[in-house]
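K.L.:
Here it is, the structure in full.
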Amino acid sequence: MMDLALFYFLVLGFAIFMYVLLDGFDLGIGILYPWFNQDGERDHLMRSISHVWDGNETWLVFGGVVLFAAFPAAYAGITSTFYLPIMLMLFALIFRGVAFEYRFKSDTSRPYWDFAFSAGSAVAAFCQGMLLGSLVQGVPTDVDSLSSLHWVTPFSILTGFSVMAGYALLAACYLFMKSRGRIQAHSAKLAKRLLLITILAMVIVSLWTVASQVEIRQRWFSGLNFLWLSPLPIITLVVAVLAWRDLNRHSVGQSHHEDRPFWYAATLFLLGFAGLVVGLFPYLIPRQLTFMDAASPDSSLLFLLPGICIFVPLICAYTFWGYRVFAGKVEDYQEGY
């Protein structure tokens, strides 16, 4: 039942994008942590995500469940092949979560929890980027390669740092939206630098991928494909220019739309994700396993359908409600966490 397999493929893509967008900016807060060290700044950063950071990780769990239940062959292949980076990512997320809770209850040990929060965020983001790069490059099929550090390559290291830069850009734009005064001004300055780094990383990763992957190069450039797909890079450039303009307006005191840079950064991630799907579709494991081949039997997909139809709207609803309740600026005079 290809239509049902495609439906779950789209649900999985939606879950991955929501995780990258929502958990991306709060991982980015940890990545930016060392650049905020004046009195009260780190407390402000923690308050800005205290109400959402654990809920954002719901999408990671949900995406894992969809992959396990709807595409078990891909789940087995990915988790066994990338066991070490996945475990590093999970341990980093655990350290980060523990540090988040203990930091508010500590006194003399607070610097250690600050380090654990920042390092856990950076390692988790870097591992996610390396996983992405390794999947794009292709998964080796021979046993010797699977037993080595095959996922550590120059390309995957580049994508690891690129994802870190993108998450930091999301975080800087989020802080620009949620803060005032000195923190907002510093966030705008960091966001402008990170915007340039992120766009440069997107260009280098795209060119490297097209140059090294024959199938992706043919997908983009055979026939009139590039003509039809050219709106993706063009819109990406336009969005980057708009984000720069709004961030730059703040430096001259003309900014009236402080939420727009965050949505521009989110759009950059969406466009990058769309370009990735264009290049890899219909594969879950590139050049090895398509979503049709990896799908569970029709009976299993039908059994899962009521739960998916109930929980996707439910998760979206309480996520939207949570952000709506805590909309507006973070006020440092408020007590508590």
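Scheme for the structure tokens: letters A, B, ... for chains in order shown; per-chain residue numbers from 1; ligand numbers from 1 in order shown.
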Would you list the contacts of range 231-237 of chain A as an mmCIF file with N, CA and C atoms, in the first residue's frame, taking every protein, DNA or RNA residue within 9 Å and counting only C-alpha atoms, but skipping same-chain residues closer than 4 positions in sequence?

P.N.:
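The resulting selection.cif:
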```cif
data_model
loop_
_atom_site.group_PDB
_atom_site.id
_atom_site.type_symbol
_atom_site.label_atom_id
_atom_site.label_comp_id
_atom_site.auth_asym_id
_atom_site.auth_seq_id
_atom_site.Cartn_x
_atom_site.Cartn_y
_atom_site.Cartn_z
ATOM 1 N N ILE A 199 24.695 30.477 5.885
ATOM 2 C CA ILE A 199 24.526 30.521 4.432
ATOM 3 C C ILE A 199 25.759 29.972 3.728
ATOM 4 N N LEU A 227 15.819 24.064 -13.634
ATOM 5 C CA LEU A 227 14.897 25.175 -13.870
ATOM 6 C C LEU A 227 13.712 25.089 -12.910
ATOM 7 N N VAL A 241 18.576 37.550 2.928
ATOM 8 C CA VAL A 241 18.687 39.010 2.807
ATOM 9 C C VAL A 241 17.648 39.702 3.702
ATOM 10 N N LEU A 242 16.431 39.176 3.728
ATOM 11 C CA LEU A 242 15.396 39.767 4.576
ATOM 12 C C LEU A 242 15.752 39.651 6.059
ATOM 13 N N THR A 267 12.545 29.429 8.179
ATOM 14 C CA THR A 267 12.316 29.210 6.746
ATOM 15 C C THR A 267 13.576 28.702 6.061
ATOM 16 N N LEU A 268 14.741 29.194 6.479
ATOM 17 C CA LEU A 268 15.992 28.689 5.926
ATOM 18 C C LEU A 268 16.143 27.196 6.205
ATOM 19 N N LEU A 271 13.708 25.320 3.885
ATOM 20 C CA LEU A 271 14.201 25.260 2.512
ATOM 21 C C LEU A 271 15.363 24.273 2.385
ATOM 22 N N GLY A 272 16.252 24.268 3.378
ATOM 23 C CA GLY A 272 17.336 23.292 3.372
ATOM 24 C C GLY A 272 16.824 21.873 3.473
ATOM 25 N N ALA A 274 13.857 20.869 2.481
ATOM 26 C CA ALA A 274 13.215 20.569 1.198
ATOM 27 C C ALA A 274 14.252 20.175 0.157
ATOM 28 N N GLY A 275 15.381 20.879 0.121
ATOM 29 C CA GLY A 275 16.441 20.526 -0.811
ATOM 30 C C GLY A 275 17.006 19.148 -0.535
#
```

K.L.:
With a distance cut-off of 6 Å and only C-alpha atoms, select the neighbouring residues of range 294-309 of chain A, excluding the residue or stretch itself and same-chain residues fewer than 3 positions from it, and output the selection as a list in words.

P.N.:
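After dropping sequence-adjacent residues, the list is Ala70, Phe71, Ala73, Ala74, Phe291 and Val312 of chain A.
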
K.L.:
When you count only C-alpha atoms, which of these residues is closest to Arg96 in chain A: A:Ser118, A:Asn56, A:Thr81, A:Thr108?

P.N.:
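Smallest distance to Arg96 in chain A is found for A:Ser118.
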
K.L.:
Pick from A:Met177, A:Leu280, A:Cys127, A:Leu270: nearest to His257 in chain A, with only C-alpha atoms counted?

P.N.:
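For His257 in chain A, the nearest of the candidates is A:Met177.
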
K.L.:
Restricting the calculation to only C-alpha atoms, which member of A:Trp228, A:Val98, A:Gln38, A:Lys192 is positioned closest to Arg249 in chain A?

P.N.:
A:Lys192

K.L.:
Which residues, written as a PyMOL selection string, have at least one atom at most 10 Å from Cys316 in chain A, with only C-alpha atoms counted and residues fewer than 5 positions away on the same chain left out?

P.N.:
chain A and resi 18+59+311+321-322

K.L.:
Would you compute the distance between CA of Ile49 in chain A and CA of Tyr323 in chain A? Give it in Å to one decimal.

P.N.:
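It comes out at 10.3 Å.
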
K.L.:
Counting only C-alpha atoms, what is within 7 Å of range 156-166 of chain A, bar same-chain residues fewer than 3 positions away, as a list in words?

P.N.:
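Listing them by chain and then by number gives Ala122, Ala125, Phe126, Cys127, Gln128, Gly129, Met130, Gly133, Ser134, Trp151, Val152, Thr153, Leu169, Leu170, Leu194, Ile197, Thr198 and Ala201 of chain A.
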
K.L.:
How many Å lie between CA of Met87 in chain A and CA of Tyr33 in chain A, rounded to one decimal?

P.N.:
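Between CA of Met87 in chain A and CA of Tyr33 in chain A the gap works out to 23.5 Å.
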
K.L.:
State, in Å with one decimal place, the distance from CA of Ile29 in chain A to CA of Ala119 in chain A.

P.N.:
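Atom-to-atom, CA of Ile29 in chain A to CA of Ala119 in chain A, that is 11.2 Å.
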
K.L.:
Name all residues at most 10 Å from range 207-221 of chain A (count only C-alpha atoms; drop same-chain ones fewer than 2 positions away) and give them as a short mmCIF file (atom, residue, chain, number, x, y, z; two decimals) with N, CA and C atoms, in the first residue's frame.

P.N.:
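Result went into result.cif, see below:
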```
data_model
loop_
_atom_site.label_atom_id
_atom_site.label_comp_id
_atom_site.auth_asym_id
_atom_site.auth_seq_id
_atom_site.Cartn_x
_atom_site.Cartn_y
_atom_site.Cartn_z
N GLY A 133 25.24 14.10 7.70
CA GLY A 133 26.27 14.02 6.68
C GLY A 133 26.59 12.60 6.28
N VAL A 136 23.80 11.26 4.03
CA VAL A 136 23.85 11.83 2.68
C VAL A 136 24.98 11.19 1.88
N GLN A 137 26.12 10.96 2.52
CA GLN A 137 27.24 10.34 1.83
C GLN A 137 26.95 8.90 1.44
N GLY A 138 26.14 8.22 2.24
CA GLY A 138 25.84 6.82 1.96
C GLY A 138 26.39 5.92 3.05
N PHE A 155 33.36 15.34 5.30
CA PHE A 155 32.04 15.85 4.97
C PHE A 155 31.12 15.84 6.19
N ALA A 201 27.86 27.81 4.95
CA ALA A 201 27.87 26.36 5.17
C ALA A 201 26.88 25.66 4.24
N MET A 202 25.70 26.25 4.05
CA MET A 202 24.70 25.65 3.15
C MET A 202 25.24 25.58 1.72
N VAL A 203 25.93 26.62 1.30
CA VAL A 203 26.49 26.63 -0.06
C VAL A 203 27.57 25.56 -0.21
N ILE A 204 28.50 25.48 0.76
CA ILE A 204 29.59 24.52 0.67
C ILE A 204 29.06 23.08 0.73
N VAL A 205 28.14 22.81 1.66
CA VAL A 205 27.57 21.47 1.77
C VAL A 205 26.83 21.09 0.49
N GLY A 223 18.16 17.30 -17.57
CA GLY A 223 17.03 17.90 -18.26
C GLY A 223 16.76 19.32 -17.78
N LEU A 224 15.49 19.58 -17.51
CA LEU A 224 15.07 20.90 -17.02
C LEU A 224 14.87 20.93 -15.51
N ASN A 225 15.43 19.93 -14.82
CA ASN A 225 15.20 19.83 -13.38
C ASN A 225 15.66 21.08 -12.64
N PHE A 226 16.85 21.60 -13.00
CA PHE A 226 17.35 22.75 -12.26
C PHE A 226 16.44 23.97 -12.45
N LEU A 227 15.82 24.06 -13.63
CA LEU A 227 14.90 25.17 -13.87
C LEU A 227 13.71 25.09 -12.91
N TRP A 228 13.18 23.86 -12.73
CA TRP A 228 12.03 23.69 -11.84
C TRP A 228 12.43 23.83 -10.36
N LEU A 229 13.67 23.43 -10.05
CA LEU A 229 14.11 23.44 -8.65
C LEU A 229 14.82 24.74 -8.26
N SER A 230 15.09 25.60 -9.22
CA SER A 230 15.83 26.84 -8.93
C SER A 230 15.15 27.75 -7.90
N GLY A 275 15.38 20.88 0.12
CA GLY A 275 16.44 20.53 -0.81
C GLY A 275 17.01 19.15 -0.53
N LEU A 276 17.12 18.79 0.74
CA LEU A 276 17.59 17.46 1.10
C LEU A 276 16.62 16.38 0.63
N VAL A 278 14.46 16.60 -1.83
CA VAL A 278 14.51 16.54 -3.29
C VAL A 278 15.67 15.66 -3.75
N GLY A 279 16.81 15.80 -3.09
CA GLY A 279 17.98 15.03 -3.51
C GLY A 279 17.92 13.56 -3.16
N LEU A 280 17.26 13.21 -2.03
CA LEU A 280 17.30 11.84 -1.54
C LEU A 280 16.03 11.03 -1.80
N PHE A 281 14.92 11.68 -2.06
CA PHE A 281 13.66 10.96 -2.24
C PHE A 281 13.81 9.90 -3.32
N PRO A 286 20.07 6.29 1.88
CA PRO A 286 20.40 6.60 0.49
C PRO A 286 21.07 5.46 -0.26
N ARG A 287 20.56 5.21 -1.46
CA ARG A 287 21.06 4.22 -2.40
C ARG A 287 20.96 2.80 -1.88
#
```

K.L.:
Restricting the calculation to only C-alpha atoms: of A:Ala171, A:Ile183, A:Ala99, A:Ala191, which residue gets closest to Phe25 in chain A?

P.N.:
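The shortest atom-to-atom distance to Phe25 in chain A comes from A:Ala171.
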